[in-house]
Amino acid sequence: MIRSLEVYARRKLRKHLKFFEKKDRAALRNKDFVIISNNCWGGQVYQWYQLPYNTPFVGLFIYGPCYIRLLKNFDHYMAQELKFGAVSKYKDRLKTYPLGHLDDIEIHFTHYQSEEEAHEKWERRTARMLRNRDKDNYFFMITDRERADKEILKEFHTLPYKNKISFAAFRLENISNKEHIVVYERPKSKKIETPNGKKMFNLSFLYFDLVQWLNTGKLRRTRFKT
């Protein structure tokens with residue numbers, strides 16, 4: 001038990017140590033990967049490795065029902081023109097940010113100041129992403145936040161993508177414990193869900209080897225296993 005706590009503390013501290021940043025960047029061979037995520041987790045990956053955003057899924061979140069629909073018909077939705085509106089189908093929160101639409105999919109640009117900024121960055125980063133046509137170099141992530149329930153996460157794991165990982169506060173039956181990670185740390189609100197994307201990225205090092213996943217597509221759990 002003491003050993004487990006030591007491992008946990010050491011891995012949690014690594015996010016704040018420049019030594020590990022440099023070590024991870026030196027170990028990363030695959031620098032053209034694409035991260036698709038339903039919150040800010042993906043943007044944190046690029047920041048950690050000091051790489052340009054090869055994805056438009058940065059500084060935003062997508063509700064679970066919209067996200068799974070997007071992933072099931074990814075090429076169709078990514079070819080749609082991004083439009084904006086004032087009314088969301090989801091009434092969970094006050095909308096104080098640009099609300100985008102790809103056909104019937106909502107994109108919540110929580111970290112953007114204006115529709116113009118969101119549109120410009122979405123178009124530029126989408127074009128950069130689409131230059132990479134190798135879907136085996138796309139890495140898909142989902143967490144249990146924003147109405148992404150068990151059924152949505154189960155459906156996520158049936159999608160025909162090589163590289164997938166999910167984080168949740170619950171287990172998924174018949175899903176590999178490498179591809180699905182049960183996270184025990186909770187947000188301050190005490191909701192039964194994982195923390196926000198930025199904090200979840202910080203915690204990721206406790207659970208799996210991110211460098212190896214990006215380099216090889218192989219998910220290796222760390223010593224802190226659930």
# chains A, B, ... in the order shown; residues from 1 in each chain; ligands from 1
>>> residues_around(residues="Val58 of chain A", least_positions_apart="2", cutoff="6 Å", atoms="only C-alpha atoms", output="number ranges by chain")
A: 40, 43, 56, 60
>>> residues_around(residues="Ile152 of chain A", least_positions_apart="6", cutoff="8 Å", atoms="only C-alpha atoms", output="ChimeraX atom specification")
/A:64-65,68
>>> write_last_selection(atoms="C-alpha atoms", output="PDB file, in the first residue's frame")
ATOM      1  CA  GLY A  64     -21.828  12.852 -25.375  1.00  0.00           C
ATOM      2  CA  PRO A  65     -24.786  12.230 -27.753  1.00  0.00           C
ATOM      3  CA  ILE A  68     -20.705   9.733 -30.591  1.00  0.00           C
TER       4      ILE A  68
END
>>> select_by_dssp(residues="segment 30-142 of chain A", states="strand (DSSP E)", output="PyMOL selection string")
chain A and resi 34-37+83-85+99-102+105-108+138-142
>>> atom_distance(atom1="atom CA of Phe205 of chain A", atom2="atom CA of Pro52 of chain A")
21.2 Å
>>> residues_around(residues="Met78 of chain A", least_positions_apart="2", cutoff="12 Å", atoms="only C-alpha atoms", output="PyMOL selection string")
chain A and resi 36+55-57+69-76+80-82+101-103+105+107+122-123+125-127+129-130
>>> residues_around(residues="Arg29 of chain A", least_positions_apart="6", cutoff="12 Å", atoms="only C-alpha atoms", output="JSON, numbers by chain")
{"A": [49, 211, 212, 213, 214, 215, 216]}
>>> atom_distance(atom1="atom CA of Leu94 of chain A", atom2="atom CA of Arg147 of chain A")
16.1 Å
>>> atom_distance(atom1="atom CA of Ile35 of chain A", atom2="atom CA of Tyr138 of chain A")
6.0 Å
>>> residues_around(residues="segment 155-167 of chain A", least_positions_apart="2", cutoff="7 Å", atoms="only C-alpha atoms", output="PyMOL selection string")
chain A and resi 68+72+136+138-144+151-153+179-183+217
>>> residues_around(residues="Gln44 of chain A", least_positions_apart="6", cutoff="9 Å", atoms="only C-alpha atoms", output="tab-separated table (two decimals) with N, CA and C atoms, in the first residue's frame")
chain	number	residue	atom	x	y	z
A	58	VAL	N	-9.91	21.63	-29.88
A	58	VAL	CA	-9.08	22.31	-28.87
A	58	VAL	C	-9.90	23.44	-28.27
A	197	GLY	N	-11.10	18.35	-18.64
A	197	GLY	CA	-10.09	17.86	-19.57
A	197	GLY	C	-8.66	18.17	-19.17
A	198	LYS	N	-8.42	19.39	-18.69
A	198	LYS	CA	-7.07	19.77	-18.30
A	198	LYS	C	-6.57	18.93	-17.12
A	201	PHE	N	-5.94	15.32	-18.10
A	201	PHE	CA	-4.64	15.13	-18.75
A	201	PHE	C	-3.54	14.98	-17.70
A	202	ASN	N	-3.56	15.84	-16.68
A	202	ASN	CA	-2.54	15.75	-15.63
A	202	ASN	C	-2.55	14.38	-14.97
>>> select_by_dssp(residues="chain A", states="alpha helix (DSSP H)", output="PyMOL selection string")
chain A and resi 2-13+18-27+41-49+64-72+74-78+115-130+150-156+197-207+210-216
>>> residues_around(residues="Gly85 of chain A", least_positions_apart="2", cutoff="8 Å", atoms="only C-alpha atoms", output="list in words")
Lys83, Val87, Ser88, Pro98, Leu99, Gly100 and His101 of chain A
>>> closest_residue(among="A:Ser204, A:Phe170, A:Ser114, A:Phe84", to="Tyr97 of chain A", atoms="only C-alpha atoms")
A:Ser114
